[in-house]
Amino acid sequence: MALWQRGAPARRAPVALLPLLLLLGAALPVALEAKVTYTHVYRDDRSLIQIAPNFAFADSGRLDIVITDISLWQRHEQDRDVVYDNLGVFLAPVEEAGADEGLSAQLATGNCLLSDREAKLFTFAKPQYALYFANCDGAAVSFRAVVSMYNLRPDGSRDYLAVGETELGAVYWTMFGLFLALTAAWTAVLVLRRECAHRIHLLMGALVLFKTLTLMAQALMTLHVERTGLADGWNYAYYVFTTARGLLFFSVVVLIGAGWSYMKPFMDDRTRTTLLVVVPLQVLANIALVYLDEESPAMRDWIAWRDVFHLVDIACCAAILFPILWQMKHLREAATVDGKAARSLAKLRLFRTFYVTVVAYIYFTRIVVYLLKNFVEYRYSWTTEAVNEVAALAFYTWVGASFRPAKENRYLQLSQEDIELATAY
């Protein structure tokens with residue numbers, strides 16, 4: 001079906017944008033994605049496009065938006081020109097049920113949100129908002145937009161962190177200090193007990209190190225976003241560190257859960273297959289999430305794809321539990337062998353504890369924290385990140401204490417009997 005392009009070089013700001021342009025720089029009464037957002041929409045005929053993440057304004061909140069390179073595509077059989085007043089940008093409050101559904105339903109009735117010169121879209125009672133582009137005519141539209149949402153400090157300087165995010169810097173720096181101390185403590189244990197240390201302990205040390213580096217990158221990224229609205233390259237450092245951390249996390253859990261704590265060459269095929277499937281899938285999911293984070297919500301199905309990759313992450317977390325279950329099954333079978341029952345039952349209890357702890361950690365950080373982010377009040381949104389990091393610190397500390405290199409550690413005692421059991425398995 002042929003299309004023809006209709007440019008708008010002289011209509012840099014259509015009439016429908018004028019009410020918004022009058023508000024630019026004006027005070028707003030109070031969020032999470034607080035940075036300068038670059039959006040590129042290309043031949044998109046959706047009636048409603050969110051072009052910037054949600055933001056919680058303070059009383060001194062400001063919004064700056066620059067829209068350029070506007071072009072329209074119209075079908076040949078359409079017998080009327082596009083009405084530019086039916087194209088525009090507006091703010092809408094983020095309701096608990098979600099703003100998109102209600103606005104889309106209103107557009108579906110044929111009522112253009114931009115048709116009236118004056119329309120009560122919202123009051124300032126709810127200070128968390130989303131920025132939308134409305135296209136009532138349904139013509140394919142292309143444009144570029146630069147959106148800056150920020151709050152002004154008393155001295156007039158800009159703070160690009162939304163209400164509820166200003167505490168994140170303190171959270172990340174505090175957790176960075178605690179994990180740095182944990183890294184130093186683990187390094188000291190490896191040095192002092194090097195005769196008992198094995199390569200699994202080196203992997204555990206690398207995991208804690210990359211977790212620490214991830215928190216450092218998050219803290220510095222938050223600092224730069226607060227001042228300039230941009231991460232200034234620290235987001236790429238964060239992506240590298242968090243991908244390495246995720247890779248090491250799943251590897252360590254699988255290896256410990258499979259009973260392969262000494263990096264000996266008797267890892268069973270099922271555990272090896274789990275690693276070969278879960279680890280690359282987890283890395284791929286992280287890369288995809290990085291791509292989604294770098295894109296603006298204006299991308300088609302942005303929210304749907306984000307949720308899909310969160311589900312992939314949860315699936316990976318579920319898959320790493322199978323080696324632990326296989327090991328527990330193996331120990332139950334070994335407990336029926338004469339002369340090995342007591343030792344196998346003792347190890348079975350230990351692996352059950354490890355299994356329950358891993359399940360609790362995954363459930364809490366992947367599901368409970370996700371639900372908290374959706375239900376906690378916006379001004380306390382930083383608490384969900386704090387809770388998530390405290391849970392990670394508790395889990396890392398428990399695993400380190402349980403699997404530390406020590407001759408008397410029941411988890412890591414490996415005898416000829418264990419080698420025979422593993423070989424038979």
# chains A, B, ... in the order shown; residues from 1 in each chain; ligands from 1
>>> select_by_dssp(residues="region 165-300 of chain A", states="alpha helix (DSSP H)", output="PyMOL selection string")
chain A and resi 168-192+199-228+234-257+269-294
>>> write_last_selection(atoms="C-alpha atoms", output="compact mmCIF listing (two decimals), in the first residue's frame")
# COMPACT_ATOMS: atom_id res chain seq x y z
CA LEU A 168 19.63 5.96 46.33
CA GLY A 169 23.12 7.44 46.42
CA ALA A 170 23.39 6.87 50.17
CA VAL A 171 22.00 3.34 49.77
CA TYR A 172 24.53 2.38 47.09
CA TRP A 173 27.52 3.92 48.87
CA THR A 174 26.56 2.22 52.15
CA MET A 175 26.15 -1.18 50.51
CA PHE A 176 29.37 -0.64 48.54
CA GLY A 177 31.22 -0.13 51.83
CA LEU A 178 29.67 -3.25 53.38
CA PHE A 179 30.42 -5.44 50.37
CA LEU A 180 33.95 -4.02 50.18
CA ALA A 181 34.44 -5.10 53.79
CA LEU A 182 33.00 -8.52 52.91
CA THR A 183 35.42 -8.80 49.97
CA ALA A 184 38.35 -7.90 52.22
CA ALA A 185 37.23 -10.41 54.87
CA TRP A 186 36.90 -13.20 52.28
CA THR A 187 40.32 -12.39 50.85
CA ALA A 188 41.81 -12.57 54.35
CA VAL A 189 40.16 -15.96 54.91
CA LEU A 190 41.60 -17.29 51.64
CA VAL A 191 45.08 -16.05 52.56
CA LEU A 192 45.02 -17.35 56.13
CA ARG A 199 39.08 -22.97 43.18
CA ILE A 200 35.42 -22.74 44.15
CA HIS A 201 36.50 -20.30 46.85
CA LEU A 202 38.27 -18.19 44.25
CA LEU A 203 35.06 -18.10 42.22
CA MET A 204 33.14 -17.05 45.33
CA GLY A 205 35.68 -14.29 45.92
CA ALA A 206 35.33 -13.11 42.32
CA LEU A 207 31.55 -13.05 42.76
CA VAL A 208 31.75 -10.81 45.83
CA LEU A 209 34.29 -8.57 44.07
CA PHE A 210 32.08 -8.03 41.02
CA LYS A 211 29.08 -7.43 43.27
CA THR A 212 31.12 -4.72 45.00
CA LEU A 213 32.15 -3.19 41.67
CA THR A 214 28.52 -3.24 40.54
CA LEU A 215 27.48 -1.23 43.59
CA MET A 216 30.34 1.22 43.02
CA ALA A 217 29.20 1.75 39.42
CA GLN A 218 25.60 2.23 40.57
CA ALA A 219 26.68 4.79 43.16
CA LEU A 220 28.75 6.78 40.66
CA MET A 221 26.05 6.49 38.01
CA THR A 222 23.47 7.87 40.47
CA LEU A 223 25.82 10.73 41.35
CA HIS A 224 26.28 11.76 37.71
CA VAL A 225 22.58 11.39 36.87
CA GLU A 226 21.71 13.60 39.82
CA ARG A 227 24.00 16.36 38.54
CA THR A 228 23.73 16.14 34.75
CA TRP A 234 29.19 4.68 34.25
CA ASN A 235 26.13 2.86 32.93
CA TYR A 236 28.41 0.84 30.63
CA ALA A 237 30.68 -0.03 33.55
CA TYR A 238 27.58 -1.12 35.43
CA TYR A 239 26.45 -3.33 32.55
CA VAL A 240 29.84 -5.06 32.39
CA PHE A 241 30.08 -5.60 36.14
CA THR A 242 26.49 -6.79 36.60
CA THR A 243 26.77 -9.24 33.67
CA ALA A 244 29.93 -10.73 35.17
CA ARG A 245 28.26 -10.85 38.58
CA GLY A 246 25.24 -12.67 37.16
CA LEU A 247 27.43 -15.18 35.36
CA LEU A 248 29.43 -15.90 38.52
CA PHE A 249 26.34 -16.03 40.72
CA PHE A 250 24.64 -18.76 38.71
CA SER A 251 27.90 -20.68 38.25
CA VAL A 252 28.69 -20.68 41.97
CA VAL A 253 25.16 -21.72 42.98
CA VAL A 254 25.07 -24.54 40.42
CA LEU A 255 28.53 -25.85 41.35
CA ILE A 256 27.89 -25.77 45.08
CA GLY A 257 24.40 -27.18 44.71
CA ASP A 269 26.56 -34.44 32.68
CA ARG A 270 23.27 -33.01 33.92
CA THR A 271 25.03 -30.32 35.95
CA ARG A 272 27.28 -29.50 33.00
CA THR A 273 24.23 -29.25 30.75
CA THR A 274 22.54 -26.95 33.24
CA LEU A 275 25.54 -24.62 33.17
CA LEU A 276 25.76 -24.68 29.38
CA VAL A 277 22.08 -23.74 29.07
CA VAL A 278 21.35 -21.47 32.02
CA VAL A 279 24.48 -19.31 32.05
CA PRO A 280 24.37 -18.20 28.37
CA LEU A 281 20.62 -17.68 28.65
CA GLN A 282 21.11 -15.50 31.71
CA VAL A 283 23.81 -13.47 29.98
CA LEU A 284 21.55 -13.04 26.95
CA ALA A 285 18.71 -11.89 29.19
CA ASN A 286 21.00 -9.33 30.83
CA ILE A 287 22.16 -8.03 27.45
CA ALA A 288 18.55 -7.70 26.31
CA LEU A 289 17.61 -5.87 29.49
CA VAL A 290 20.53 -3.51 28.96
CA TYR A 291 19.19 -2.77 25.48
CA LEU A 292 15.72 -2.14 26.87
CA ASP A 293 17.11 0.13 29.59
CA GLU A 294 18.98 2.17 27.00
>>> residues_around(residues="region 159-162 of chain A", least_positions_apart="5", cutoff="9 Å", atoms="only C-alpha atoms", output="number ranges by chain")
A: 30-36, 55-58, 148-153, 222, 225-230, 379
>>> write_last_selection(atoms="C-alpha atoms", output="PDB file, in the first residue's frame")
ATOM      1  CA  VAL A  30       6.222  16.555  43.169  1.00  0.00           C
ATOM      2  CA  ALA A  31       9.697   7.749  39.858  1.00  0.00           C
ATOM      3  CA  LEU A  32      12.236   6.219  39.059  1.00  0.00           C
ATOM      4  CA  GLU A  33      13.833   6.816  35.635  1.00  0.00           C
ATOM      5  CA  ALA A  34      15.150  10.328  36.260  1.00  0.00           C
ATOM      6  CA  LYS A  35      17.475  11.320  33.466  1.00  0.00           C
ATOM      7  CA  VAL A  36      17.541  13.115  30.157  1.00  0.00           C
ATOM      8  CA  PHE A  55       8.884  10.867  37.052  1.00  0.00           C
ATOM      9  CA  ALA A  56       7.894  12.142  40.495  1.00  0.00           C
ATOM     10  CA  PHE A  57       8.070  15.932  40.663  1.00  0.00           C
ATOM     11  CA  ALA A  58       8.703  18.001  43.767  1.00  0.00           C
ATOM     12  CA  SER A 148      14.475  16.560  30.665  1.00  0.00           C
ATOM     13  CA  MET A 149      12.592  16.107  33.931  1.00  0.00           C
ATOM     14  CA  TYR A 150      14.148  17.516  37.073  1.00  0.00           C
ATOM     15  CA  ASN A 151      13.566  19.298  40.357  1.00  0.00           C
ATOM     16  CA  LEU A 152      15.186  22.573  41.384  1.00  0.00           C
ATOM     17  CA  ARG A 153      17.222  22.848  44.568  1.00  0.00           C
ATOM     18  CA  THR A 222      23.475   7.871  40.468  1.00  0.00           C
ATOM     19  CA  VAL A 225      22.583  11.386  36.865  1.00  0.00           C
ATOM     20  CA  GLU A 226      21.709  13.600  39.816  1.00  0.00           C
ATOM     21  CA  ARG A 227      23.999  16.361  38.539  1.00  0.00           C
ATOM     22  CA  THR A 228      23.734  16.140  34.753  1.00  0.00           C
ATOM     23  CA  GLY A 229      20.834  13.829  33.932  1.00  0.00           C
ATOM     24  CA  LEU A 230      23.242  11.453  32.160  1.00  0.00           C
ATOM     25  CA  ARG A 379       8.432   8.729  47.684  1.00  0.00           C
TER      26      ARG A 379
END
>>> select_by_dssp(residues="region 120-197 of chain A", states="strand (DSSP E)", output="NGL selection string")
:A and (128-135 or 140-152 or 158-159)
>>> write_last_selection(atoms="C-alpha atoms", output="PDB file, in the first residue's frame")
ATOM      1  CA  GLN A 128       4.078  11.187  39.653  1.00  0.00           C
ATOM      2  CA  TYR A 129       3.527  11.602  35.924  1.00  0.00           C
ATOM      3  CA  ALA A 130       4.193  10.070  32.537  1.00  0.00           C
ATOM      4  CA  LEU A 131       4.755  12.042  29.323  1.00  0.00           C
ATOM      5  CA  TYR A 132       2.754  10.934  26.272  1.00  0.00           C
ATOM      6  CA  PHE A 133       2.534  11.783  22.585  1.00  0.00           C
ATOM      7  CA  ALA A 134      -1.052  11.598  21.308  1.00  0.00           C
ATOM      8  CA  ASN A 135      -1.823  10.862  17.652  1.00  0.00           C
ATOM      9  CA  ALA A 140       2.312   7.314  10.847  1.00  0.00           C
ATOM     10  CA  VAL A 141       4.558   9.873  12.509  1.00  0.00           C
ATOM     11  CA  SER A 142       8.309  10.252  12.925  1.00  0.00           C
ATOM     12  CA  PHE A 143      10.080  12.641  15.274  1.00  0.00           C
ATOM     13  CA  ARG A 144      12.966  13.031  17.672  1.00  0.00           C
ATOM     14  CA  ALA A 145      12.502  14.261  21.226  1.00  0.00           C
ATOM     15  CA  VAL A 146      14.795  15.226  24.079  1.00  0.00           C
ATOM     16  CA  VAL A 147      12.999  15.229  27.421  1.00  0.00           C
ATOM     17  CA  SER A 148      14.475  16.560  30.665  1.00  0.00           C
ATOM     18  CA  MET A 149      12.592  16.107  33.931  1.00  0.00           C
ATOM     19  CA  TYR A 150      14.148  17.516  37.073  1.00  0.00           C
ATOM     20  CA  ASN A 151      13.566  19.298  40.357  1.00  0.00           C
ATOM     21  CA  LEU A 152      15.186  22.573  41.384  1.00  0.00           C
ATOM     22  CA  ARG A 158      19.019  21.030  38.914  1.00  0.00           C
ATOM     23  CA  ASP A 159      18.474  17.658  40.573  1.00  0.00           C
TER      24      ASP A 159
END
>>> residues_around(residues="region 398-407 of chain A", least_positions_apart="6", cutoff="7 Å", atoms="only C-alpha atoms", output="PyMOL selection string")
chain A and resi 193+196-197
>>> closest_residue(among="A:Phe375, A:Tyr38, A:Phe395, A:Trp305", to="Thr357 (chain A)", atoms="only C-alpha atoms")
A:Phe395
